file final-v6.tsv (TSV, C-alpha atoms)
chain	number	residue	atom	x	y	z
S	21	MET	CA	19.50	21.88	12.33
S	22	GLY	CA	19.14	23.96	15.44
S	23	LYS	CA	19.54	21.93	18.57
S	24	SER	CA	18.45	23.30	21.88
S	25	PRO	CA	21.08	23.32	24.63
S	26	MET	CA	19.29	20.53	26.46
S	27	SER	CA	20.29	16.92	25.81
S	28	GLU	CA	18.50	15.34	22.89
S	29	SER	CA	16.97	12.51	24.86
S	30	SER	CA	14.97	14.81	27.12
S	31	VAL	CA	12.77	17.44	25.46
S	32	ALA	CA	14.84	18.89	22.61
S	33	HIS	CA	12.86	20.31	19.72
S	34	ALA	CA	14.04	22.39	16.76
S	35	HIS	CA	13.85	26.15	17.48
S	36	GLN	CA	11.09	26.89	14.94
S	37	PHE	CA	8.58	24.80	16.91
S	38	ASP	CA	6.75	25.67	20.12
S	39	ASP	CA	7.10	22.21	21.58
S	40	LEU	CA	7.85	18.58	20.81
S	41	GLU	CA	4.24	17.71	20.04
S	42	GLN	CA	4.02	20.43	17.37
S	43	GLN	CA	7.29	19.25	15.85
S	44	ARG	CA	6.00	15.68	15.73
S	45	GLN	CA	2.77	16.77	14.05
S	46	ALA	CA	4.66	18.87	11.50
S	47	ALA	CA	6.79	15.84	10.54
S	48	SER	CA	3.67	13.75	10.20
S	49	LEU	CA	1.88	16.42	8.15
S	50	GLY	CA	4.85	16.68	5.77
S	51	MET	CA	4.74	12.94	5.12
S	52	TRP	CA	0.96	13.07	4.57
S	53	ILE	CA	1.37	15.80	1.94
S	54	PHE	CA	3.97	13.66	0.18
S	55	LEU	CA	1.57	10.70	0.34
S	56	ALA	CA	-1.17	12.85	-1.25
S	57	THR	CA	1.19	13.35	-4.22
S	58	GLU	CA	1.76	9.60	-4.25
S	59	VAL	CA	-2.00	9.06	-4.48
S	60	MET	CA	-1.93	11.21	-7.64
S	61	PHE	CA	1.07	9.30	-8.99
S	62	PHE	CA	-0.43	5.84	-8.59
S	63	GLY	CA	-3.88	7.26	-9.37
S	64	GLY	CA	-2.83	8.04	-12.94
S	65	MET	CA	-2.01	4.38	-13.50
S	66	PHE	CA	-5.24	3.25	-11.84
S	67	ALA	CA	-7.16	5.65	-14.10
S	68	GLY	CA	-5.47	4.18	-17.18
S	69	TYR	CA	-6.22	0.68	-15.97
S	70	MET	CA	-9.86	1.62	-15.42
S	71	ILE	CA	-10.35	2.93	-18.99
S	72	TYR	CA	-8.67	-0.05	-20.65
S	73	ARG	CA	-10.51	-2.55	-18.49
S	74	TRP	CA	-13.75	-0.81	-19.50
S	75	SER	CA	-12.75	-1.15	-23.15
S	76	TYR	CA	-11.32	-4.69	-23.04
S	77	GLY	CA	-13.08	-6.37	-20.07
S	78	PRO	CA	-13.09	-9.98	-21.36
S	79	ALA	CA	-9.42	-9.84	-22.40
S	80	PHE	CA	-8.41	-8.34	-19.03
S	81	ALA	CA	-10.33	-11.09	-17.19
S	82	ASP	CA	-8.72	-13.77	-19.36
S	83	ALA	CA	-5.21	-12.35	-18.96
S	84	SER	CA	-5.74	-11.89	-15.22
S	85	ASN	CA	-6.24	-15.65	-14.88
S	86	HIS	CA	-2.65	-16.14	-16.06
S	87	LEU	CA	-1.45	-14.66	-12.75
S	88	ASP	CA	-0.89	-16.95	-9.76
S	89	VAL	CA	-3.73	-16.19	-7.37
S	90	LEU	CA	-2.17	-18.24	-4.53
S	91	LEU	CA	1.10	-16.30	-4.66
S	92	GLY	CA	-0.85	-13.04	-4.91
S	93	THR	CA	-2.89	-13.92	-1.82
S	94	ILE	CA	0.22	-14.96	0.13
S	95	ASN	CA	1.87	-11.67	-0.81
S	96	THR	CA	-1.21	-9.74	0.34
S	97	ALA	CA	-1.04	-11.54	3.69
S	98	LEU	CA	2.71	-10.86	3.96
S	99	LEU	CA	2.16	-7.13	3.41
S	100	ILE	CA	-0.66	-6.99	5.96
S	101	CYS	CA	1.59	-8.78	8.49
S	102	SER	CA	4.35	-6.27	7.71
S	103	SER	CA	1.92	-3.41	8.30
S	104	LEU	CA	1.12	-4.90	11.72
S	105	THR	CA	4.81	-5.21	12.66
S	106	MET	CA	5.34	-1.64	11.38
S	107	ALA	CA	2.47	-0.39	13.55
S	108	LEU	CA	3.98	-2.24	16.52
S	109	ALA	CA	7.38	-0.64	15.80
S	110	VAL	CA	5.72	2.80	15.93
S	111	HIS	CA	4.05	1.74	19.18
S	112	GLY	CA	7.45	0.71	20.54
S	113	ALA	CA	8.95	4.06	19.54
S	114	GLU	CA	6.06	5.93	21.20
S	115	THR	CA	6.53	4.03	24.45
S	116	GLY	CA	10.35	4.21	24.35
S	117	ASN	CA	10.80	0.44	24.00
S	118	ARG	CA	14.04	0.26	22.03
S	119	LYS	CA	14.16	-3.54	21.82
S	120	ALA	CA	10.59	-3.76	20.50
S	121	VAL	CA	11.39	-1.14	17.85
S	122	MET	CA	14.43	-3.07	16.71
S	123	ILE	CA	12.64	-6.44	16.56
S	124	CYS	CA	9.53	-5.08	14.85
S	125	LEU	CA	11.48	-3.09	12.26
S	126	SER	CA	13.61	-6.16	11.48
S	127	LEU	CA	10.48	-8.31	11.11
S	128	THR	CA	8.98	-5.70	8.77
S	129	VAL	CA	12.13	-5.81	6.63
S	130	VAL	CA	12.04	-9.63	6.51
S	131	LEU	CA	8.35	-9.67	5.52
S	132	GLY	CA	9.00	-7.01	2.87
S	133	LEU	CA	11.89	-9.05	1.45
S	134	GLY	CA	9.62	-12.11	1.41
S	135	PHE	CA	7.10	-10.14	-0.65
S	136	LEU	CA	9.80	-9.08	-3.12
S	137	GLY	CA	11.13	-12.66	-3.36
S	138	ILE	CA	7.68	-13.97	-4.32
S	139	LYS	CA	7.23	-11.05	-6.72
S	140	PHE	CA	10.53	-11.92	-8.36
S	141	ALA	CA	9.46	-15.58	-8.74
S	142	GLU	CA	6.20	-14.41	-10.35
S	143	TYR	CA	8.04	-12.11	-12.77
S	144	TYR	CA	10.37	-14.96	-13.66
S	145	SER	CA	7.50	-17.33	-14.46
S	146	LYS	CA	5.91	-14.63	-16.65
S	147	PHE	CA	9.25	-14.41	-18.43
S	148	THR	CA	9.35	-18.17	-19.08
S	149	GLU	CA	5.71	-18.08	-20.24
S	150	SER	CA	6.51	-15.26	-22.73
S	151	LEU	CA	4.04	-12.91	-21.07
S	152	ILE	CA	6.37	-9.90	-20.94
S	153	PRO	CA	4.92	-7.23	-23.28
S	154	GLY	CA	7.06	-6.51	-26.30
S	155	ARG	CA	8.69	-8.40	-29.15
S	156	ASP	CA	8.61	-11.81	-27.45
S	157	PHE	CA	5.08	-11.56	-26.07
S	158	HIS	CA	3.14	-14.71	-26.91
S	159	TYR	CA	-0.54	-15.25	-26.11
S	160	GLU	CA	-2.97	-17.71	-27.71
S	161	GLY	CA	-6.16	-16.48	-29.36
S	162	ALA	CA	-7.81	-13.30	-30.55
S	163	LEU	CA	-7.54	-11.60	-27.15
S	164	ALA	CA	-3.75	-11.34	-27.45
S	165	PRO	CA	-3.44	-7.58	-28.26
S	166	ALA	CA	-5.61	-6.51	-25.30
S	167	ALA	CA	-3.98	-9.13	-23.04
S	168	GLU	CA	-0.66	-7.47	-23.82
S	169	ILE	CA	-2.13	-4.18	-22.59
S	170	PHE	CA	-3.18	-5.92	-19.36
S	171	PHE	CA	0.34	-7.23	-18.81
S	172	SER	CA	1.75	-3.76	-19.53
S	173	PHE	CA	-0.39	-2.43	-16.67
S	174	TYR	CA	0.54	-5.41	-14.51
S	175	PHE	CA	4.27	-4.83	-14.87
S	176	ALA	CA	4.07	-1.03	-14.67
S	177	MET	CA	1.91	-1.01	-11.54
S	178	THR	CA	3.47	-3.91	-9.63
S	179	GLY	CA	6.93	-2.71	-10.74
S	180	MET	CA	6.32	0.80	-9.41
S	181	HIS	CA	4.89	-0.74	-6.24
S	182	ALA	CA	7.95	-2.99	-5.87
S	183	LEU	CA	10.24	0.03	-6.31
S	184	HIS	CA	8.40	1.72	-3.42
S	185	MET	CA	8.87	-1.46	-1.37
S	186	ILE	CA	12.62	-1.47	-2.07
S	187	ILE	CA	12.89	2.19	-0.96
S	188	GLY	CA	10.81	1.40	2.15
S	189	ILE	CA	12.96	-1.59	3.05
S	190	GLY	CA	16.07	0.60	2.74
S	191	LEU	CA	14.59	3.20	5.09
S	192	LEU	CA	13.44	0.54	7.57
S	193	GLY	CA	16.84	-1.14	7.51
S	194	ALA	CA	18.56	2.16	8.33
S	195	LEU	CA	16.09	2.76	11.19
S	196	ALA	CA	16.62	-0.77	12.55
S	197	VAL	CA	20.39	-0.21	12.63
S	198	GLY	CA	19.73	3.13	14.37
S	199	ALA	CA	17.57	1.43	17.01
S	200	SER	CA	20.36	-1.01	17.85
S	201	ARG	CA	22.81	1.83	18.48
S	202	LYS	CA	21.15	4.50	20.57
S	203	VAL	CA	18.26	5.37	22.84
S	204	VAL	CA	14.85	6.18	21.39
S	205	SER	CA	15.00	9.99	21.08
S	206	ALA	CA	12.05	12.16	20.06
S	207	ARG	CA	13.70	12.76	16.71
S	208	TYR	CA	14.21	9.04	16.10
S	209	SER	CA	10.66	8.27	17.18
S	210	ALA	CA	9.29	10.80	14.66
S	211	ARG	CA	11.36	9.15	11.92
S	212	VAL	CA	9.92	5.73	12.74
S	213	GLU	CA	6.44	7.22	12.64
S	214	ILE	CA	6.74	8.89	9.22
S	215	VAL	CA	8.49	5.90	7.62
S	216	GLY	CA	5.60	3.89	9.08
S	217	LEU	CA	3.10	6.14	7.28
S	218	TYR	CA	4.98	5.55	4.02
S	219	TRP	CA	5.02	1.78	4.57
S	220	HIS	CA	1.29	1.63	5.29
S	221	PHE	CA	0.62	3.65	2.14
S	222	VAL	CA	2.56	1.12	0.05
S	223	ASP	CA	0.41	-1.56	1.69
S	224	ILE	CA	-2.76	0.31	0.65
S	225	VAL	CA	-1.60	0.50	-2.98
S	226	TRP	CA	-1.26	-3.30	-2.94
S	227	ILE	CA	-4.69	-3.68	-1.31
S	228	PHE	CA	-6.12	-2.18	-4.54
S	229	LEU	CA	-3.68	-3.84	-6.95
S	230	PHE	CA	-4.43	-7.33	-5.65
S	231	PRO	CA	-8.16	-7.53	-6.56
S	232	LEU	CA	-7.76	-5.45	-9.74
S	233	LEU	CA	-4.92	-7.55	-11.17
S	234	TYR	CA	-5.31	-11.03	-9.66
S	235	LEU	CA	-9.04	-11.48	-9.00
S	236	THR	CA	-10.62	-9.88	-12.08
S	237	GLY	CA	-11.51	-13.06	-14.00
S	238	ARG	CA	-11.57	-15.80	-11.37
S	239	HIS	CA	-15.35	-16.31	-11.53
S	240	LEU	CA	-15.33	-17.03	-15.28
F	3	MET	CA	9.97	9.27	25.50
F	4	THR	CA	7.24	7.78	27.63
F	5	SER	CA	4.24	9.56	26.12
F	6	PRO	CA	1.13	7.39	25.81
F	7	ALA	CA	0.85	5.51	22.51
F	8	ALA	CA	-1.81	6.64	20.05
F	9	VAL	CA	-3.30	3.16	19.59
F	10	SER	CA	-3.17	0.12	21.87
F	11	VAL	CA	-1.56	-3.14	20.79
F	12	LYS	CA	-4.89	-4.89	21.25
F	13	LEU	CA	-6.60	-2.57	18.75
F	14	TYR	CA	-3.76	-3.11	16.26
F	15	LEU	CA	-4.31	-6.87	16.53
F	16	TRP	CA	-8.08	-6.52	15.92
F	17	VAL	CA	-7.46	-4.37	12.84
F	18	PHE	CA	-4.91	-6.93	11.63
F	19	LEU	CA	-7.46	-9.75	12.06
F	20	GLY	CA	-10.02	-7.68	10.15
F	21	LEU	CA	-7.60	-7.11	7.26
F	22	ILE	CA	-6.65	-10.80	7.02
F	23	SER	CA	-10.32	-11.88	7.15
F	24	LEU	CA	-11.30	-9.38	4.44
F	25	THR	CA	-8.45	-10.67	2.26
F	26	ALA	CA	-9.86	-14.20	2.61
F	27	VAL	CA	-13.38	-12.92	1.87
F	28	THR	CA	-12.37	-10.96	-1.24
F	29	THR	CA	-10.39	-13.92	-2.61
F	30	GLY	CA	-13.29	-16.31	-1.89
F	31	ILE	CA	-15.93	-14.05	-3.42
F	32	SER	CA	-13.87	-13.57	-6.58
F	33	PHE	CA	-14.36	-17.27	-7.43
F	34	MET	CA	-18.18	-16.95	-7.28
F	35	ASP	CA	-20.03	-15.59	-10.28
F	36	LEU	CA	-22.13	-12.72	-8.94
F	37	GLY	CA	-23.16	-11.65	-12.44
F	38	GLU	CA	-22.77	-8.40	-14.40
F	39	ASN	CA	-20.37	-6.03	-12.62
F	40	TRP	CA	-21.13	-7.20	-9.08
F	41	ASN	CA	-17.81	-9.03	-8.76
F	42	ALA	CA	-15.88	-5.83	-9.48
F	43	LEU	CA	-18.12	-3.85	-7.13
F	44	ALA	CA	-17.65	-6.37	-4.29
F	45	ALA	CA	-13.86	-6.43	-4.80
F	46	LEU	CA	-13.62	-2.62	-4.78
F	47	THR	CA	-15.92	-2.24	-1.76
F	48	ILE	CA	-13.77	-4.64	0.27
F	49	ALA	CA	-10.58	-2.91	-0.93
F	50	PHE	CA	-11.93	0.46	0.24
F	51	ILE	CA	-12.89	-0.98	3.64
F	52	LYS	CA	-9.40	-2.46	4.04
F	53	ALA	CA	-7.75	0.82	2.99
F	54	GLY	CA	-9.99	2.66	5.46
F	55	LEU	CA	-8.92	0.37	8.31
F	56	VAL	CA	-5.24	0.95	7.50
F	57	VAL	CA	-5.67	4.73	7.22
F	58	LEU	CA	-7.80	5.17	10.36
F	59	TYR	CA	-5.94	2.84	12.73
F	60	PHE	CA	-2.47	1.84	11.43
F	61	MET	CA	-1.90	5.41	10.16
F	62	HIS	CA	-3.57	6.96	13.23
F	63	VAL	CA	-5.86	9.32	11.27
F	64	ARG	CA	-8.75	8.60	13.63
F	65	PHE	CA	-6.64	9.84	16.56
F	66	SER	CA	-4.83	12.68	14.75
F	67	PRO	CA	-5.68	16.38	14.42
F	68	PRO	CA	-8.35	17.10	11.74
F	69	LEU	CA	-5.68	18.69	9.52
F	70	ILE	CA	-4.14	15.26	8.82
F	71	GLY	CA	-7.53	13.90	7.81
F	72	ILE	CA	-8.09	16.87	5.49
F	73	VAL	CA	-4.76	16.30	3.71
F	74	ALA	CA	-5.49	12.57	3.37
F	75	GLY	CA	-8.97	13.37	2.10
F	76	ALA	CA	-7.61	15.96	-0.36
F	77	GLY	CA	-5.48	13.31	-2.08
F	78	VAL	CA	-8.48	11.02	-2.49
F	79	PHE	CA	-10.72	13.92	-3.56
F	80	TRP	CA	-8.39	15.02	-6.36
F	81	LEU	CA	-8.05	11.42	-7.51
F	82	ALA	CA	-11.85	11.21	-7.56
F	83	ILE	CA	-11.97	14.28	-9.84
F	84	LEU	CA	-9.59	12.55	-12.25
F	85	LEU	CA	-11.58	9.30	-12.28
F	86	VAL	CA	-15.05	10.86	-12.46
F	87	LEU	CA	-14.20	13.28	-15.28
F	88	LEU	CA	-12.46	10.49	-17.21
F	89	LEU	CA	-15.49	8.22	-16.84
F	90	SER	CA	-17.92	11.01	-17.75
F	91	ASP	CA	-16.10	11.16	-21.09
F	92	VAL	CA	-15.50	7.47	-21.79
F	93	LEU	CA	-18.90	6.18	-20.66
F	94	THR	CA	-20.87	8.74	-22.68
F	95	ARG	CA	-19.21	8.29	-26.07
F	96	GLY	CA	-21.59	7.24	-28.83
call {"tool": "encode", "arguments": {"input": "final-v6.tsv", "output": "structure tokens"}}
result
Amino acid sequence: MGKSPMSESSVAHAHQFDDLEQQRQAASLGMWIFLATEVMFFGGMFAGYMIYRWSYGPAFADASNHLDVLLGTINTALLICSSLTMALAVHGAETGNRKAVMICLSLTVVLGLGFLGIKFAEYYSKFTESLIPGRDFHYEGALAPAAEIFFSFYFAMTGMHALHMIIGIGLLGALAVGASRKVVSARYSARVEIVGLYWHFVDIVWIFLFPLLYLTGRHL
Amino acid sequence: MTSPAAVSVKLYLWVFLGLISLTAVTTGISFMDLGENWNALAALTIAFIKAGLVVLYFMHVRFSPPLIGIVAGAGVFWLAILLVLLLSDVLTRG
């Protein structure tokens, strides 16, 4: 990448940009275009869920009640907290507060790992209850075939979401290590910002998954 | 870098409080029987409000150039095409 002769910590921007602000906006725009493709990606699964829930509403509601609503709510809260710490990390990067960036990124990683830990415990209990779709799936009553479809959506959607979390945690970890080593340059600050956009997007996916998967049949 | 931050810490905290409160509300409402499809409608409405808060404030769209908002809107618009055309088929089958 082309570096201007000036030191990176002052006002260096890559040569194809007019100024630092334009470079920052271009980085942000690139991430937003990627996120638009992610909306399509997750959207396909949400569309599938929508059709099958329309076709098998009672079975989806019944199967949904086999999920642990307390753990789901705690995980929702954990992700919202992690979005706050992520936003504060971006704020720290914008204001050049290296220590705040490091602390907030580390907190975000810890909250994300907490989410994955709870998710793992939930998956494990579904395993012991024979609710994993496939040969060993076991569900009482006539709703079993459609309930298996619900659990297929549950594992596909939360699994894809968890994979995004794992990637996000990796990126955040690398940024946290970076913050502990050097000053907050414009380039580093832009990285924190676009990883932040990605992290918030993953939070939004969960904001929709939580009511659709965990809260569907609670009133019955 | 000492450029002014896009959003103040105070505003972040208010948005955070809003998101946590809405999570409590959506969980609480889900245990009440609102009848017909009102439970699903309430859950989705709250989810969209929460997503909106995250996009506008945590993701800075409210304070970004219009281009960012257009790209974000384009993703949602294309998803809406997928969902609406799917429903127009499924809901109108004999």
call {"tool": "closest_residue", "arguments": {"input": "final-v6.tsv", "among": "S:Phe157, S:Trp226, S:Arg201, S:Asp82", "to": "Met180 in chain S", "atoms": "all atoms listed in the file"}}
result
S:Trp226
call {"tool": "interface_residues", "arguments": {"input": "final-v6.tsv", "of": "chain F", "to": "chain S", "cutoff": "7 Å", "atoms": "only C-alpha atoms", "output": "list in words"}}
result
Met3, Thr4, Ser5, Pro6, Ala7, Tyr14, Phe18, Ile22, Thr29, Ser32, Phe33, Met34, Asp35, Ala45, Ala49, Ala53, Val56, Phe60, Met61, Ile70, Val73, Ala74, Gly77, Leu81 and Leu85 of chain F
call {"tool": "atom_distance", "arguments": {"input": "final-v6.tsv", "atom1": "CA of Ala199 in chain S", "atom2": "CA of Ile123 in chain S"}}
result
9.3 Å
call {"tool": "atom_distance", "arguments": {"input": "final-v6.tsv", "atom1": "CA of Lys119 in chain S", "atom2": "CA of Ala196 in chain S"}}
result
10.0 Å
call {"tool": "atom_distance", "arguments": {"input": "final-v6.tsv", "atom1": "CA of Leu58 in chain F", "atom2": "CA of Phe173 in chain S"}}
result
29.0 Å
call {"tool": "residues_around", "arguments": {"input": "final-v6.tsv", "residues": "range 166-168 of chain S", "least_positions_apart": "5", "cutoff": "9 Å", "atoms": "all atoms listed in the file", "output": "list in words"}}
result
Tyr72, Tyr76, Ala79, Phe80, Ala81, Asp82, Ala83, Ser84, Leu151, Ile152, Pro153, Gly154, Phe157, His158, Tyr159 and Phe173 of chain S
call {"tool": "closest_residue", "arguments": {"input": "final-v6.tsv", "among": "S:Ser150, S:His86, S:Ala120, S:Leu125", "to": "Ser102 in chain S", "atoms": "only C-alpha atoms"}}
result
S:Leu125
call {"tool": "closest_residue", "arguments": {"input": "final-v6.tsv", "among": "S:Ala34, S:Lys202, S:Arg44, S:Val222", "to": "Val121 in chain S", "atoms": "only C-alpha atoms"}}
result
S:Lys202
call {"tool": "closest_residue", "arguments": {"input": "final-v6.tsv", "among": "F:Ile48, F:Leu69, F:Val63, F:Leu87", "to": "Ala26 in chain F", "atoms": "all atoms listed in the file"}}
result
F:Ile48
call {"tool": "closest_residue", "arguments": {"input": "final-v6.tsv", "among": "S:Leu91, S:Ala182, S:Ala47, S:Ile189", "to": "Leu131 in chain S", "atoms": "all atoms listed in the file"}}
result
S:Ile189
call {"tool": "closest_residue", "arguments": {"input": "final-v6.tsv", "among": "S:Tyr144, S:Gly132, S:Leu233, S:Pro78", "to": "Ala164 in chain S", "atoms": "all atoms listed in the file"}}
result
S:Pro78
